[in-house]
$ cat upload.txt   # compact mmCIF, C-alpha atoms
# COMPACT_ATOMS: atom_id res chain seq x y z
CA MET B 5 71.39 109.27 -45.77
CA LEU B 6 74.90 110.11 -44.67
CA SER B 7 73.67 113.14 -42.78
CA ASP B 8 71.49 110.97 -40.56
CA PRO B 9 73.57 109.75 -37.61
CA ILE B 10 71.02 107.02 -36.92
CA LYS B 11 71.63 105.25 -40.24
CA LEU B 12 75.30 104.53 -40.78
CA THR B 13 77.07 102.30 -43.22
CA ALA B 14 79.50 99.99 -41.40
CA THR B 15 83.04 101.17 -41.97
CA PRO B 16 85.22 99.39 -44.54
CA ARG B 17 88.24 99.48 -42.23
CA ARG B 18 86.51 97.61 -39.46
CA LEU B 19 84.85 94.99 -41.62
CA THR B 20 87.43 94.19 -44.29
CA PHE B 21 89.03 90.76 -43.99
CA ASP B 22 92.46 92.14 -43.10
CA ALA B 23 91.08 94.34 -40.34
CA PHE B 24 88.60 91.84 -38.99
CA TYR B 25 90.82 88.75 -39.00
CA PRO B 26 92.83 89.74 -35.88
CA ARG B 27 89.58 90.29 -33.98
CA ARG B 28 88.47 86.79 -35.00
CA ILE B 29 91.73 85.43 -33.65
CA MET B 30 91.15 87.37 -30.43
CA ARG B 31 87.64 85.96 -30.05
CA THR B 32 88.92 82.45 -30.68
CA SER B 33 91.56 83.04 -28.01
CA LEU B 34 88.90 84.24 -25.58
CA ASN B 35 86.89 81.08 -26.22
CA MET B 36 89.97 78.95 -25.57
CA ILE B 37 90.66 80.83 -22.33
CA TRP B 38 87.02 80.29 -21.35
CA LEU B 39 87.30 76.54 -21.88
CA SER B 40 90.63 76.44 -20.05
CA ALA B 41 89.09 78.30 -17.13
CA GLU B 42 86.30 75.77 -16.90
CA ALA B 43 88.75 72.88 -17.04
CA LEU B 44 90.95 74.38 -14.33
CA ARG B 45 87.91 75.03 -12.16
CA LEU B 46 86.93 71.39 -12.39
CA LEU B 47 90.49 70.32 -11.59
CA SER B 48 90.61 72.63 -8.56
CA PRO B 49 87.62 71.69 -6.40
CA GLY B 50 86.53 73.79 -3.45
CA ARG B 51 84.35 76.82 -2.87
CA ASN B 52 87.16 79.38 -3.11
CA SER B 53 88.35 77.96 -6.41
CA HIS B 54 84.83 78.01 -7.76
CA VAL B 55 84.36 81.68 -6.82
CA VAL B 56 87.67 82.75 -8.34
CA TRP B 57 87.08 81.01 -11.65
CA GLN B 58 83.43 82.03 -11.85
CA GLU B 59 84.42 85.67 -11.40
CA PHE B 60 86.99 85.32 -14.15
CA LYS B 61 84.48 83.75 -16.54
CA ASN B 62 81.90 86.46 -15.83
CA LYS B 63 84.43 89.18 -16.57
CA LEU B 64 85.55 87.39 -19.72
CA GLN B 65 81.97 87.12 -20.92
CA ALA B 66 81.26 90.81 -20.27
CA PHE B 67 84.40 91.80 -22.17
CA ASP B 68 83.58 89.52 -25.10
CA LEU B 69 80.03 90.89 -25.39
CA PHE B 70 81.34 94.45 -25.43
CA GLU B 71 84.29 93.91 -27.74
CA ASN B 72 82.61 91.64 -30.29
CA VAL B 73 79.08 92.98 -30.46
CA ASP B 74 79.24 93.22 -34.26
CA SER B 75 80.07 89.51 -34.50
CA ILE B 76 77.41 88.61 -31.96
CA LEU B 77 74.78 90.51 -33.95
CA ASN B 78 76.14 89.14 -37.25
CA LEU B 79 76.46 92.62 -38.76
CA PRO B 80 77.48 92.25 -42.43
CA ALA B 81 79.86 94.54 -44.28
CA GLY B 82 78.03 97.58 -45.61
CA ASP B 83 75.21 97.13 -43.11
CA GLU B 84 72.91 100.17 -42.88
CA THR B 85 70.68 99.05 -40.05
CA PRO B 86 69.49 102.04 -38.00
CA LEU B 87 70.59 102.21 -34.38
CA THR B 88 67.03 101.61 -33.23
CA LYS B 89 66.97 98.28 -35.08
CA LEU B 90 70.38 97.31 -33.75
CA VAL B 91 69.18 97.93 -30.21
CA GLU B 92 66.16 95.74 -30.92
CA LYS B 93 68.51 92.94 -32.01
CA VAL B 94 70.53 93.28 -28.81
CA ARG B 95 67.36 93.05 -26.76
CA THR B 96 66.74 89.54 -28.09
CA LEU B 97 69.67 88.42 -25.94
CA ASP B 98 69.27 87.46 -22.31
CA HIS B 99 69.25 90.36 -19.86
CA TYR B 100 72.85 89.94 -18.74
CA SER B 101 74.24 89.71 -22.27
CA ALA B 102 72.11 92.61 -23.48
CA VAL B 103 73.58 95.04 -20.93
CA TRP B 104 77.18 94.50 -22.03
CA ALA B 105 76.35 94.13 -25.71
CA THR B 106 74.47 97.45 -25.63
CA GLU B 107 77.53 99.18 -24.20
CA GLY B 108 79.55 97.59 -26.99
CA LEU B 109 76.97 98.80 -29.49
CA GLY B 110 77.31 102.37 -28.20
CA HIS B 111 81.06 102.14 -28.73
CA TYR B 112 80.72 100.48 -32.16
CA TYR B 113 78.16 103.04 -33.33
CA THR B 114 80.32 105.97 -32.23
CA GLU B 115 83.44 104.50 -33.84
CA THR B 116 81.53 104.08 -37.09
CA TYR B 117 80.53 107.74 -37.01
CA TRP B 118 84.12 108.86 -36.33
CA GLU B 119 85.43 106.99 -39.33
CA ARG B 120 82.78 108.14 -41.77
CA PHE B 121 82.08 111.70 -40.70
CA GLY B 122 84.65 112.78 -38.13
CA THR B 123 83.80 114.25 -34.74
CA PRO B 124 80.34 113.00 -33.66
CA LYS B 125 77.51 115.51 -33.36
CA ASN B 126 74.13 114.93 -31.71
CA LEU B 127 74.80 111.20 -31.73
CA LEU B 128 72.36 110.19 -28.99
CA ARG B 129 70.32 113.37 -28.88
CA ASN B 130 69.20 113.36 -32.50
CA ALA B 131 65.41 113.42 -32.87
CA ASN B 132 65.49 109.90 -34.29
CA THR B 133 66.89 108.53 -31.02
CA ASP B 134 63.73 109.51 -29.16
CA VAL B 135 62.30 106.08 -29.99
CA LEU B 136 65.19 104.20 -28.38
CA PRO B 137 64.04 102.14 -25.38
CA GLY B 138 64.91 103.77 -22.08
CA THR B 139 66.63 100.61 -20.92
CA SER B 140 69.32 101.09 -23.59
CA LEU B 141 70.32 104.68 -22.86
CA THR B 142 72.76 104.25 -19.97
CA ALA B 143 74.78 101.53 -21.71
CA LEU B 144 74.77 103.38 -25.04
CA HIS B 145 76.14 106.52 -23.37
CA ALA B 146 78.79 104.49 -21.57
CA GLY B 147 79.97 102.94 -24.83
CA MET B 148 79.90 106.29 -26.60
CA GLY B 149 81.97 107.87 -23.83
CA LEU B 150 84.65 105.20 -24.18
CA SER B 151 84.97 105.93 -27.90
CA LEU B 152 85.08 109.70 -27.41
CA ALA B 153 87.72 109.42 -24.68
CA ASN B 154 90.01 107.08 -26.61
CA ARG B 155 89.74 108.98 -29.89
CA LEU B 156 90.67 112.25 -28.23
CA LEU B 157 93.32 111.03 -25.80
CA GLN B 158 95.22 109.33 -28.62
CA THR B 159 95.68 112.73 -30.30
CA ILE B 160 97.95 113.92 -27.47
CA LYS B 161 101.43 114.18 -28.98
CA THR B 162 103.23 115.65 -25.99
CA PRO B 163 101.95 114.11 -22.74
CA GLY B 164 104.04 116.54 -20.72
CA SER B 165 102.26 119.53 -22.23
CA GLN B 166 99.67 120.72 -19.75
CA ASN B 167 98.09 122.97 -22.36
CA GLU B 168 97.68 120.17 -24.88
CA VAL B 169 96.17 117.81 -22.32
CA ARG B 170 93.85 120.57 -21.15
CA ARG B 171 92.62 121.24 -24.71
CA VAL B 172 91.91 117.55 -25.24
CA ILE B 173 89.96 117.28 -21.98
CA GLU B 174 87.94 120.37 -22.83
CA LYS B 175 87.19 118.86 -26.24
CA PHE B 176 86.09 115.62 -24.59
CA ILE B 177 83.73 117.49 -22.26
CA GLU B 178 82.33 119.42 -25.20
CA CYS B 179 81.78 116.23 -27.21
CA CYS B 180 80.01 114.56 -24.30
CA ARG B 181 77.67 117.51 -23.90
CA HIS B 182 76.91 117.76 -27.62
CA ASN B 183 76.16 114.05 -28.02
CA SER B 184 74.43 113.06 -24.77
CA ARG B 185 70.81 113.06 -23.75
CA SER B 186 69.81 115.25 -20.83
CA GLY B 187 70.41 113.28 -17.64
CA TYR B 188 73.04 110.98 -19.17
CA VAL B 189 76.06 113.17 -19.91
CA GLU B 190 77.70 112.11 -16.64
CA VAL B 191 77.70 108.50 -17.87
CA ALA B 192 79.87 109.60 -20.80
CA TYR B 193 82.12 111.69 -18.53
CA GLU B 194 82.89 108.66 -16.35
CA ALA B 195 84.35 106.78 -19.31
CA LEU B 196 87.32 109.16 -19.36
CA GLY B 197 88.66 107.55 -16.19
CA LEU B 198 88.43 104.02 -17.53
CA VAL B 199 90.15 104.82 -20.82
CA THR B 200 92.86 106.96 -19.20
CA ARG B 201 93.70 104.38 -16.52
CA ASN B 202 93.85 101.34 -18.79
CA LEU B 203 95.13 102.79 -22.07
CA TYR B 204 97.01 105.96 -21.09
CA SER B 205 98.00 105.33 -17.49
CA HIS B 206 100.83 107.88 -17.67
CA LEU B 207 98.16 110.58 -18.01
CA VAL B 208 96.03 109.74 -14.95
CA GLN B 209 97.52 112.33 -12.61
CA VAL B 210 97.81 114.93 -15.37
CA VAL B 211 94.15 114.55 -16.29
CA ASP B 212 93.18 114.69 -12.61
CA ARG B 213 95.02 118.01 -12.16
CA GLN B 214 93.47 119.52 -15.26
CA LEU B 215 89.96 118.42 -14.33
CA ARG B 216 90.29 120.02 -10.92
CA GLU B 217 91.04 123.31 -12.68
CA ILE B 218 88.47 122.96 -15.45
CA ASP B 219 85.52 121.69 -13.42
CA LYS B 220 85.88 120.15 -9.95
CA ASN B 221 82.44 118.56 -10.33
CA LEU B 222 83.86 116.16 -12.89
CA VAL B 223 86.71 114.81 -10.76
CA GLY B 224 84.50 112.25 -9.02
CA TYR B 225 83.25 110.82 -12.32
CA PHE B 226 86.82 110.52 -13.57
CA TRP B 227 87.99 108.54 -10.54
CA HIS B 228 84.87 106.40 -10.55
CA GLY B 229 85.91 105.43 -14.08
CA VAL B 230 89.45 104.75 -12.83
CA GLY B 231 87.99 102.35 -10.28
CA ARG B 232 86.01 100.58 -12.98
CA ALA B 233 89.21 100.38 -15.02
CA ILE B 234 91.09 98.80 -12.13
CA TYR B 235 88.54 96.01 -12.05
CA PHE B 236 89.00 95.32 -15.78
CA ALA B 237 92.75 96.03 -15.86
CA PRO B 238 94.90 93.33 -17.50
CA THR B 239 96.88 92.90 -14.27
CA ASN B 240 93.63 92.05 -12.44
CA PHE B 241 91.94 90.12 -15.22
CA LEU B 242 93.43 86.67 -14.91
CA PRO B 243 92.56 84.74 -11.74
CA PHE B 244 96.07 84.73 -10.32
CA ASN B 245 98.11 86.81 -7.86
CA SER B 246 95.06 87.40 -5.66
CA SER B 247 93.16 89.05 -8.50
CA PRO B 248 90.71 90.72 -8.44
CA TRP B 249 90.73 91.11 -4.66
CA ARG B 250 93.98 93.10 -4.56
CA ALA B 251 92.25 95.79 -6.63
CA VAL B 252 90.89 97.23 -3.37
CA GLU B 253 94.44 98.23 -2.45
CA LEU B 254 95.05 99.69 -5.92
CA ALA B 255 91.85 101.73 -5.78
CA GLN B 256 92.98 103.29 -2.50
CA ARG B 257 96.60 103.79 -3.52
CA GLU B 258 96.34 105.38 -6.95
CA ALA B 259 94.41 108.49 -5.96
CA ALA B 260 96.20 111.28 -4.13
CA HIS B 261 93.08 112.77 -2.54
CA GLU B 262 89.96 111.60 -0.71
CA ILE B 263 87.52 112.25 -3.57
CA GLY B 264 89.65 110.07 -5.79
CA ARG B 265 89.98 107.26 -3.25
CA LEU B 266 86.25 107.12 -2.49
CA ASN B 267 85.27 107.18 -6.14
CA ALA B 268 87.90 104.67 -7.23
CA LEU B 269 86.68 102.16 -4.64
CA ALA B 270 83.03 102.86 -5.45
CA GLY B 271 83.75 102.41 -9.16
CA PHE B 272 85.57 99.15 -8.56
CA VAL B 273 82.74 97.76 -6.42
CA TRP B 274 80.21 99.03 -8.98
CA ALA B 275 81.91 97.07 -11.76
CA MET B 276 82.36 93.93 -9.68
CA THR B 277 78.71 93.96 -8.61
CA LEU B 278 77.37 94.40 -12.14
CA VAL B 279 79.64 91.82 -13.75
CA ASN B 280 78.80 89.24 -11.06
CA ILE B 281 75.18 90.22 -10.45
CA TYR B 282 74.04 86.57 -10.67
CA GLN B 283 76.67 85.30 -8.21
CA PRO B 284 76.47 87.24 -4.91
CA GLU B 285 78.99 84.82 -3.38
CA ILE B 286 81.67 86.69 -5.35
CA LEU B 287 80.82 89.96 -3.62
CA GLU B 288 80.74 88.03 -0.35
CA THR B 289 84.29 86.81 -1.02
CA LEU B 290 85.43 90.39 -1.56
CA LEU B 291 84.04 91.32 1.85
CA ARG B 292 85.68 88.30 3.49
CA ARG B 293 89.06 89.27 2.03
CA HIS B 294 88.80 92.95 3.00
CA GLN B 295 86.45 92.95 5.97
CA SER B 296 88.51 95.33 8.08
CA GLU B 297 89.16 97.86 5.29
CA LEU B 298 85.56 97.93 4.06
CA SER B 299 83.62 97.75 7.31
CA GLN B 300 83.47 101.53 7.72
CA ASN B 301 83.89 102.60 4.11
CA ALA B 302 80.72 104.09 2.59
CA ALA B 303 82.16 103.67 -0.90
CA LEU B 304 81.28 99.98 -0.68
CA SER B 305 77.57 100.53 -0.14
CA ASN B 306 77.55 103.32 -2.73
CA GLY B 307 79.10 101.10 -5.38
CA VAL B 308 76.64 98.29 -4.68
CA SER B 309 73.62 100.62 -4.58
CA SER B 310 74.53 102.40 -7.80
CA ALA B 311 75.15 99.10 -9.59
CA ILE B 312 71.74 97.78 -8.52
CA MET B 313 70.01 100.90 -9.83
CA ILE B 314 71.86 100.74 -13.15
CA TRP B 315 71.08 97.03 -13.51
CA PHE B 316 67.38 97.61 -12.96
CA ASP B 317 67.31 100.64 -15.25
CA SER B 318 69.13 98.72 -18.00
CA THR B 319 66.97 95.59 -17.84
CA GLY B 320 63.64 96.59 -16.36
CA VAL B 321 63.62 93.44 -14.24
CA ASP B 322 64.55 92.81 -10.65
CA ALA B 323 64.00 89.05 -10.41
CA CYS B 324 67.72 88.25 -10.46
CA LEU B 325 68.28 90.73 -7.63
CA ASP B 326 66.43 88.29 -5.40
CA ARG B 327 69.60 86.17 -5.47
CA LEU B 328 71.49 89.09 -3.99
CA PHE B 329 68.87 90.06 -1.43
CA GLN B 330 68.25 86.46 -0.32
CA HIS B 331 71.89 85.40 -0.26
CA ARG B 332 73.05 83.56 2.86
CA LEU B 333 76.70 83.59 3.87
CA GLU B 334 78.54 80.27 3.97
CA PRO B 335 80.13 79.59 6.34
CA PHE B 336 78.19 81.92 8.59
CA ASP B 337 80.21 84.67 10.26
CA PRO B 338 78.34 87.08 12.58
CA ASP B 339 80.65 90.03 11.92
CA LEU B 340 80.60 89.47 8.18
CA SER B 341 76.84 88.98 8.28
CA ARG B 342 76.48 92.36 9.96
CA LEU B 343 78.70 93.96 7.31
CA TRP B 344 76.71 92.30 4.54
CA THR B 345 73.43 93.60 5.97
CA GLU B 346 74.70 97.13 6.61
CA GLN B 347 76.77 97.63 3.45
CA VAL B 348 75.01 95.47 0.85
CA LEU B 349 71.53 94.29 1.78
CA GLN B 350 69.96 97.40 3.31
CA PRO B 351 71.59 99.95 0.96
CA GLY B 352 70.70 97.78 -2.04
CA ARG B 353 67.04 97.56 -1.10
CA ASN B 354 66.88 101.27 -0.37
CA ALA B 355 68.48 102.03 -3.72
CA LEU B 356 65.93 99.97 -5.61
CA GLN B 357 62.81 100.89 -3.67
CA ARG B 358 63.43 104.47 -2.47
CA PHE B 359 66.21 106.15 -4.41
CA TYR B 360 65.85 104.88 -7.95
CA PRO B 361 62.21 105.96 -8.52
CA VAL B 362 63.01 109.55 -7.48
CA ILE B 363 66.30 109.80 -9.37
CA LYS B 364 64.73 108.33 -12.51
CA LYS B 365 61.71 110.61 -12.35
CA GLN B 366 63.95 113.67 -12.03
CA ASN B 367 66.14 112.49 -14.95
CA ARG B 368 69.34 112.45 -12.88
CA LEU B 369 70.45 108.86 -13.32
CA GLY B 370 73.85 109.88 -14.72
CA GLU B 371 74.73 111.43 -11.37
CA VAL B 372 75.03 108.02 -9.70
CA PHE B 373 78.23 107.45 -11.73
CA GLN B 374 80.20 109.02 -8.91
CA TYR B 375 80.42 108.50 -5.16
CA GLN B 376 77.98 110.62 -3.17
CA SER B 377 75.27 110.40 -0.56
CA LEU B 378 72.22 108.98 -2.29
CA PRO B 379 69.81 110.31 0.39
CA GLU B 380 71.22 113.80 -0.25
CA LEU B 381 70.87 113.33 -3.99
CA ILE B 382 67.18 112.46 -3.80
CA ALA B 383 66.63 115.30 -1.32
CA GLN B 384 67.95 117.67 -3.98
CA ALA B 385 65.84 115.98 -6.65
CA ARG B 386 62.52 116.37 -4.85
$ encode --input "upload.txt" --output "structure tokens"
Amino acid sequence: MLSDPIKLTATPRRLTFDAFYPRRIMRTSLNMIWLSAEALRLLSPGRNSHVVWQEFKNKLQAFDLFENVDSILNLPAGDETPLTKLVEKVRTLDHYSAVWATEGLGHYYTETYWERFGTPKNLLRNANTDVLPGTSLTALHAGMGLSLANRLLQTIKTPGSQNEVRRVIEKFIECCRHNSRSGYVEVAYEALGLVTRNLYSHLVQVVDRQLREIDKNLVGYFWHGVGRAIYFAPTNFLPFNSSPWRAVELAQREAAHEIGRLNALAGFVWAMTLVNIYQPEILETLLRRHQSELSQNAALSNGVSSAIMIWFDSTGVDACLDRLFQHRLEPFDPDLSRLWTEQVLQPGRNALQRFYPVIKKQNRLGEVFQYQSLPELIAQAR
């Protein structure tokens, strides 16, 4: 039924040969880059080289899973598989792949709705979505938010028009509220920062100003998304020019106020932690490179803690987190070890054991998509 947002026919535009061929070329290119990265890693021995290239490969894999979820799931043209069944197919993947593919599925599903019916309505709050597994909801809302943000921002004809930008932002907020489950709308809000920063960078400061007038409570989510965008930005994607480590400087420089700076850094760390959840030595390298800047910055521990909670909520398993909690620094550095314990190890364990159960029970998980004091958040939730 076309009126049922859970059962959608795949769009002709996306799955025709002419439209799909460039995406096949892109995926082939990604595979070639992957193989080249592995070859260069082998030709450049040493721990630092290994960390740099492993981080690049992880980011490339996450991007590929998001961007090409329809290919990964082998969705045929004219497919009418309900969202619930598509989520089941994603869950046959390994835990890491499933997280990023589910975000891609949320984006794909929302794009399909746009093209067939126009502005989405009740997309993830329809009665039929009640049977979706809880582990899929955060990633689905994140993917949906990316689609909503891009579709609406691209309608801006006059970027210098404050009124036009304001109307688009208000429409975005309205769409997020009308399509999100209770407790997850903030996940969709955060996507506005990622899309604005990486696709419409000339609008970042304009959107920031308008959000501060429309609803100051949304500014943190926006800049958290900007920080996530900085991690995935093309200029920080390839493993050259000190990427991605120089993103710490970008996260601090691009925001003109403290809320923006804290959230941008937290969002960047959040993304880096999730993408490299199986390789804690990558997070260790970030701390080694920026030990002085991060030693007293609570945004670091917030980004790590929030990422750990989202990982556990999206997978239902914590076995891989043992790698993070049991990681030993090499070579050992007492100052860095202290920073690791205070900013990564202890906050991460508290997030998983103390904060997450309360936040989840109170249905406030979306609120961790911005920088804030987690102890204060759970105090409010009790």
$ residues_around --input "upload.txt" --residues "Leu343 (chain B)" --least-positions-apart "4" --cutoff "8 Å" --atoms "all atoms listed in the file" --output "list in words"
Gln295, Ser299, Asp339, Gln347 and Val348 of chain B
$ write_last_selection --input "upload.txt" --atoms "C-alpha atoms" --output "CSV table (one decimal), keeping the file's coordinate frame"
chain,number,residue,atom,x,y,z
B,295,GLN,CA,86.4,93.0,6.0
B,299,SER,CA,83.6,97.8,7.3
B,339,ASP,CA,80.6,90.0,11.9
B,347,GLN,CA,76.8,97.6,3.4
B,348,VAL,CA,75.0,95.5,0.8
$ residues_around --input "upload.txt" --residues "Gly370 (chain B)" --least-positions-apart "3" --cutoff "6 Å" --atoms "all atoms listed in the file" --output "ChimeraX atom specification"
/B:187-188,190-191,373
$ closest_residue --input "upload.txt" --among "B:Lys89, B:His182, B:His99, B:Arg250" --to "Val135 (chain B)" --atoms "all atoms listed in the file"
B:Lys89
$ residues_near_point --input "upload.txt" --point "(93.9, 114.2, -23.7)" --cutoff "9 Å" --atoms "only C-alpha atoms" --output "CSV table (one decimal) with C-alpha atoms, in the coordinates of the input"
chain,number,residue,atom,x,y,z
B,153,ALA,CA,87.7,109.4,-24.7
B,154,ASN,CA,90.0,107.1,-26.6
B,156,LEU,CA,90.7,112.2,-28.2
B,157,LEU,CA,93.3,111.0,-25.8
B,158,GLN,CA,95.2,109.3,-28.6
B,159,THR,CA,95.7,112.7,-30.3
B,160,ILE,CA,98.0,113.9,-27.5
B,163,PRO,CA,102.0,114.1,-22.7
B,168,GLU,CA,97.7,120.2,-24.9
B,169,VAL,CA,96.2,117.8,-22.3
B,170,ARG,CA,93.8,120.6,-21.2
B,171,ARG,CA,92.6,121.2,-24.7
B,172,VAL,CA,91.9,117.6,-25.2
B,173,ILE,CA,90.0,117.3,-22.0
B,174,GLU,CA,87.9,120.4,-22.8
B,175,LYS,CA,87.2,118.9,-26.2
B,176,PHE,CA,86.1,115.6,-24.6
B,200,THR,CA,92.9,107.0,-19.2
B,207,LEU,CA,98.2,110.6,-18.0
B,211,VAL,CA,94.2,114.6,-16.3
$ closest_atom_pairs --input "upload.txt" --of "region 197-279 of chain B" --to "region 53-77 of chain B" --cutoff "7 Å" --atoms "only C-alpha atoms" --output "Markdown table"
| residue | atom | partner | partner_atom | distance |
| --- | --- | --- | --- | --- |
| B:Phe241 | CA | B:Phe60 | CA | 7.0 |
| B:Leu242 | CA | B:Phe60 | CA | 6.6 |
| B:Pro243 | CA | B:Phe60 | CA | 6.1 |
| B:Val279 | CA | B:Lys63 | CA | 6.2 |
$ atom_distance --input "upload.txt" --atom1 "CA of Ala323 (chain B)" --atom2 "CA of Arg353 (chain B)"
13.0 Å
